[in-house]
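Enquirer: Dropping a structure here in structure tokens format, bear with me for questions.
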Amino acid sequence: MALYEMSGENTLSPIPLTSFSSMGVYERTHLQKALRAQISAITPGVETMVLAEEFGDWVGANRRIDLLCLDKDRKLVVVELKREDGSSMELQAVRYAAMISAMRFEQAVEAHRKYLASIGSTNDAERAIRDFLELDDGERVELHEEVRIVLAAASFGTELSTTVLWLNKQGLDLRCVQMRPHLLDGRLLLDVQQVIPLPEAAQYQVAIREKEAQQAVARSSERNMTKYNLSIDGRTFANLAGRRVIYEVIAEALRQGITIDAISGALPWKGESVFLSAPGRLSGAQLLEHTGNPGSGYFIQDNMLLQAEGRTLAVSKRWGDQLMDAISSIVDLLPTANVTVEMSSPTSEPVAVAFDGFEITQDESTTITVTKDGAPCSPTIRVLRDLAAKLGIDVTNGAGKDMNTRQLGAKVMEAVRSQAT
């Protein structure tokens, strides 16, 4: 839409639209410098402070965030600027948001300290952030896990706009702010407007996302969330979902030579749908291609595939109310295995053990974390495998595949507790 000047004679005169490039206006030298001093121009309705400029304090990356900001909800805000067309900038901004999503308060303070020094300010960085967030000295601060994104450019194409609308529907918070330069009597005027989402629609979209989130929670609460402890001939698997229990039992049956037909025959209500199957040794992608099945109801990951009778098998995940009957039917086929299945008692408090200078913790959701001297170790599975080697623990499951983090973590914790008794 055009920008007009209304004269005293009630006439409208269009103010010519120009371009930043023709006016000699550059992103970093001019736009970025102006916006860092007036960040509210592109963050309407959200009180925001600038933390850093040209921020790039991460490993393995040579790109920088134009402006890194913080809002009143303790959410980091990635601001990306383009003086003309903003094509593809949303993909870059999403990468940046992912990379800074784990930033801690102390890191934010250090980033702000460097920024203040770069602009010649002697203000105390931590004090400035605490004042903005209205927090007392010494009060613990944790930044929000969500990151907002603001894209500011002179124009946005259909491809970018469609992508941003879709990403917002997935729960991200991306905003497109259009900055259109106009020339009036030698003065450069900026028409700044948030175009995605429209300000009047933003609250509605938030309400829709909240409703969808509540519906998702309701759907998940209807699923069987019970966890089980499984023992097969002395090999233990802790806190498994029901579908993982039957996977391990079926894997054991195949290992003991029980035929594919015998397993399917023991589960008449499932029949051939127990397995997704094709001849040869295949990857998950190859199995899907061969069968033409989307694979959503099967353990299709490469490390979960089973091999028997010259075929590659993916085990079904869908058992419903007949889960325990299915487990019993397969156990009855096993000639030698001593199998026990019992519900695991959820823990209301995290459980931790210490070994070799590391602390291994299992929280109420059975998630495993490993720390050393208070610092998290990553990747967790690699540390657990090193500890398992020192404890003489086999890191494979009953199907001969590598255990995942939760399974191996539980095994390591059990072994450490056994040593202590």
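Residues are named by chain letter and number: chains run A, B, ... in the order of the structure tokens, numbers start at 1 in each chain, and ligands are numbered from 1 in the order shown.
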Please return as number ranges by chain: the residues of segment 135-167 of chain A that backbone DSSP assigns to strand (DSSP E).
Expert: A: 147-153
Enquirer: Find the residues near Leu288 of chain A: any atom within 9 Å, counting only C-alpha atoms, skip ones fewer than 5 places away on the same chain, and give them as a ChimeraX atom specification.
Expert: /A:276,283,293-295,300
Enquirer: Could you pull out all residues of segment 120-313 of chain A with a DSSP call of helix (DSSP H, G or I) and give them as a PyMOL selection string?
Expert: chain A and resi 125-133+158-169+199-221+242-255+260-265+271-274+284-291+302-304
Enquirer: Can you list, as a PyMOL selection string, every protein, DNA or RNA residue that comes within 8 Å of Leu306 of chain A when you count only C-alpha atoms, leaving out same-chain residues fewer than 5 positions away?
Expert: chain A and resi 251+312-314+399
Enquirer: Write out, as a compact mmCIF listing (two decimals), in the first residue's frame, the residues just selected, with N, CA and C atoms.
Expert:
```
# COMPACT_ATOMS: atom_id res chain seq x y z
N ALA A 251 12.09 -60.26 19.89
CA ALA A 251 13.50 -60.39 19.49
C ALA A 251 14.12 -61.63 20.12
N THR A 312 14.29 -59.21 6.58
CA THR A 312 14.39 -58.08 7.50
C THR A 312 13.00 -57.80 8.05
N LEU A 313 12.93 -57.64 9.39
CA LEU A 313 11.63 -57.48 10.06
C LEU A 313 11.60 -56.21 10.88
N ALA A 314 10.47 -55.50 10.81
CA ALA A 314 10.19 -54.39 11.71
C ALA A 314 8.99 -54.79 12.55
N ALA A 399 18.17 -58.09 21.20
CA ALA A 399 18.20 -58.30 19.75
C ALA A 399 19.59 -58.10 19.17
```
Enquirer: Could you check which of A:Ser344, A:Thr405, A:Ser13, A:Ser161 is closest to Arg382 of chain A, using only C-alpha atoms?
Expert: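 Ranked by minimum distance to Arg382 of chain A, first place goes to A:Thr405.
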Enquirer: With a distance cut-off of 12 Å and only C-alpha atoms, select the neighbouring residues of Arg95 of chain A, excluding the residue or stretch itself and same-chain residues fewer than 3 positions from it, and output the selection as a list of chain:residue names.
Expert: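 Contacts, in chain order: A:Ala61, A:Arg63, A:Arg64, A:Ile65, A:Val78, A:Glu80, A:Ser88, A:Met89, A:Glu90, A:Leu91, A:Gln92, A:Ala98, A:Met99, A:Ile100, A:Ser101, A:Val147, A:Ile149.
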Enquirer: Write out as a PyMOL selection string which residues come within 9 Å of Cys176 of chain A when counting only C-alpha atoms, dropping same-chain ones fewer than 5 positions away.
Expert: chain A and resi 42+149-153+156+161+164+193-197
Enquirer: Between atom CA of Asp233 of chain A and atom CA of Arg255 of chain A, what is the distance in Å, rounded to a tenth?
Expert: 12.9 Å
Enquirer: Rounded to one decimal place, report the atom CA of Glu414 of chain A-atom CA of Ala241 of chain A distance in Å.
Expert: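 Interatomic distance, atom CA of Glu414 of chain A to atom CA of Ala241 of chain A: 18.7 Å.
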Enquirer: Would you mind telling me which residue in A:Val94, A:Leu81, A:Leu387, A:His182 lies nearest to Leu167 of chain A when using only C-alpha atoms?
Expert: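 Among A:Val94, A:Leu81, A:Leu387, A:His182, it is A:Val94 that comes nearest to Leu167 of chain A.
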Enquirer: So that I can check the surroundings of Met49 of chain A, please list as an mmCIF file with N, CA and C atoms, in the first residue's frame every protein, DNA and RNA residue that reaches within 8 Å of it, counting only C-alpha atoms and ignoring chain neighbours fewer than 5 positions away.
Expert:
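See around_3.cif below for the written result:
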```cif
data_model
loop_
_atom_site.group_PDB
_atom_site.id
_atom_site.type_symbol
_atom_site.label_atom_id
_atom_site.label_comp_id
_atom_site.auth_asym_id
_atom_site.auth_seq_id
_atom_site.Cartn_x
_atom_site.Cartn_y
_atom_site.Cartn_z
ATOM 1 N N ILE A 39 14.778 -0.551 19.120
ATOM 2 C CA ILE A 39 14.375 -1.907 18.775
ATOM 3 C C ILE A 39 12.868 -2.074 18.813
ATOM 4 N N CYS A 69 18.376 -10.326 21.031
ATOM 5 C CA CYS A 69 17.627 -9.549 22.011
ATOM 6 C C CYS A 69 17.019 -10.455 23.085
ATOM 7 N N LEU A 70 16.353 -9.818 24.049
ATOM 8 C CA LEU A 70 15.690 -10.507 25.147
ATOM 9 C C LEU A 70 14.375 -9.797 25.410
ATOM 10 N N ASP A 71 13.287 -10.577 25.612
ATOM 11 C CA ASP A 71 12.019 -9.922 25.923
ATOM 12 C C ASP A 71 11.669 -10.102 27.396
ATOM 13 N N PHE A 132 15.947 -4.774 33.464
ATOM 14 C CA PHE A 132 14.962 -4.943 32.390
ATOM 15 C C PHE A 132 13.935 -6.008 32.766
#
```
Enquirer: Neighbouring residues of Tyr228 of chain A were defined as those with any atom within 9 Å, considering only C-alpha atoms; residues of the same chain fewer than 4 positions away were excluded. Please report them as a PDB file with N, CA, C and O atoms, in the first residue's frame.
Expert:
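After the write, around.pdb holds the following:
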```
ATOM      1  N   PHE A 237      15.926 -54.955  31.611  1.00  0.00           N
ATOM      2  CA  PHE A 237      15.592 -53.750  30.857  1.00  0.00           C
ATOM      3  C   PHE A 237      14.646 -52.937  31.740  1.00  0.00           C
ATOM      4  O   PHE A 237      13.552 -53.411  32.072  1.00  0.00           O
ATOM      5  N   ALA A 238      15.066 -51.737  32.128  1.00  0.00           N
ATOM      6  CA  ALA A 238      14.292 -50.954  33.089  1.00  0.00           C
ATOM      7  C   ALA A 238      13.464 -49.878  32.393  1.00  0.00           C
ATOM      8  O   ALA A 238      13.883 -49.272  31.406  1.00  0.00           O
ATOM      9  N   ASN A 239      12.264 -49.662  32.949  1.00  0.00           N
ATOM     10  CA  ASN A 239      11.399 -48.537  32.534  1.00  0.00           C
ATOM     11  C   ASN A 239      11.127 -48.520  31.032  1.00  0.00           C
ATOM     12  O   ASN A 239      11.301 -47.501  30.362  1.00  0.00           O
ATOM     13  N   LEU A 240      10.700 -49.652  30.507  1.00  0.00           N
ATOM     14  CA  LEU A 240      10.359 -49.733  29.090  1.00  0.00           C
ATOM     15  C   LEU A 240       8.884 -49.432  28.881  1.00  0.00           C
ATOM     16  O   LEU A 240       8.032 -49.817  29.677  1.00  0.00           O
ATOM     17  N   ALA A 241       8.570 -48.754  27.768  1.00  0.00           N
ATOM     18  CA  ALA A 241       7.185 -48.647  27.349  1.00  0.00           C
ATOM     19  C   ALA A 241       6.701 -50.028  26.943  1.00  0.00           C
ATOM     20  O   ALA A 241       7.490 -50.909  26.576  1.00  0.00           O
ATOM     21  N   GLY A 242       5.389 -50.253  26.992  1.00  0.00           N
ATOM     22  CA  GLY A 242       4.845 -51.565  26.702  1.00  0.00           C
ATOM     23  C   GLY A 242       5.245 -52.087  25.337  1.00  0.00           C
ATOM     24  O   GLY A 242       5.561 -53.271  25.176  1.00  0.00           O
ATOM     25  N   VAL A 245       8.583 -53.568  25.434  1.00  0.00           N
ATOM     26  CA  VAL A 245       8.628 -54.867  26.111  1.00  0.00           C
ATOM     27  C   VAL A 245       8.357 -55.979  25.112  1.00  0.00           C
ATOM     28  O   VAL A 245       9.114 -56.954  25.013  1.00  0.00           O
ATOM     29  N   VAL A 341       7.890 -59.828  33.700  1.00  0.00           N
ATOM     30  CA  VAL A 341       7.489 -58.458  33.354  1.00  0.00           C
ATOM     31  C   VAL A 341       6.723 -57.886  34.527  1.00  0.00           C
ATOM     32  O   VAL A 341       5.778 -58.513  35.027  1.00  0.00           O
ATOM     33  N   GLU A 342       7.135 -56.733  34.993  1.00  0.00           N
ATOM     34  CA  GLU A 342       6.415 -56.083  36.095  1.00  0.00           C
ATOM     35  C   GLU A 342       6.397 -54.582  35.865  1.00  0.00           C
ATOM     36  O   GLU A 342       7.272 -54.014  35.207  1.00  0.00           O
ATOM     37  N   MET A 343       5.357 -53.953  36.375  1.00  0.00           N
ATOM     38  CA  MET A 343       5.275 -52.498  36.255  1.00  0.00           C
ATOM     39  C   MET A 343       6.393 -51.858  37.057  1.00  0.00           C
ATOM     40  O   MET A 343       6.697 -52.297  38.174  1.00  0.00           O
ATOM     41  N   SER A 344       6.990 -50.828  36.487  1.00  0.00           N
ATOM     42  CA  SER A 344       8.002 -50.084  37.243  1.00  0.00           C
ATOM     43  C   SER A 344       7.316 -48.984  38.017  1.00  0.00           C
ATOM     44  O   SER A 344       6.335 -48.401  37.560  1.00  0.00           O
ATOM     45  N   SER A 345       7.799 -48.736  39.206  1.00  0.00           N
ATOM     46  CA  SER A 345       7.223 -47.686  40.050  1.00  0.00           C
ATOM     47  C   SER A 345       7.823 -46.351  39.659  1.00  0.00           C
ATOM     48  O   SER A 345       9.038 -46.178  39.744  1.00  0.00           O
TER      49      SER A 345
END
```
Enquirer: What is the distance, in Å and to one decimal place, between atom CA of Gln256 of chain A and atom CA of Ala308 of chain A?
Expert: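 Interatomic distance, atom CA of Gln256 of chain A to atom CA of Ala308 of chain A: 10.6 Å.
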Enquirer: For a quick check of understanding, using only C-alpha atoms, which of A:Arg28, A:Arg175, A:Arg180, A:Lys82 has the smallest distance to Ala2 of chain A?
Expert: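 Among A:Arg28, A:Arg175, A:Arg180, A:Lys82, it is A:Arg180 that comes nearest to Ala2 of chain A.
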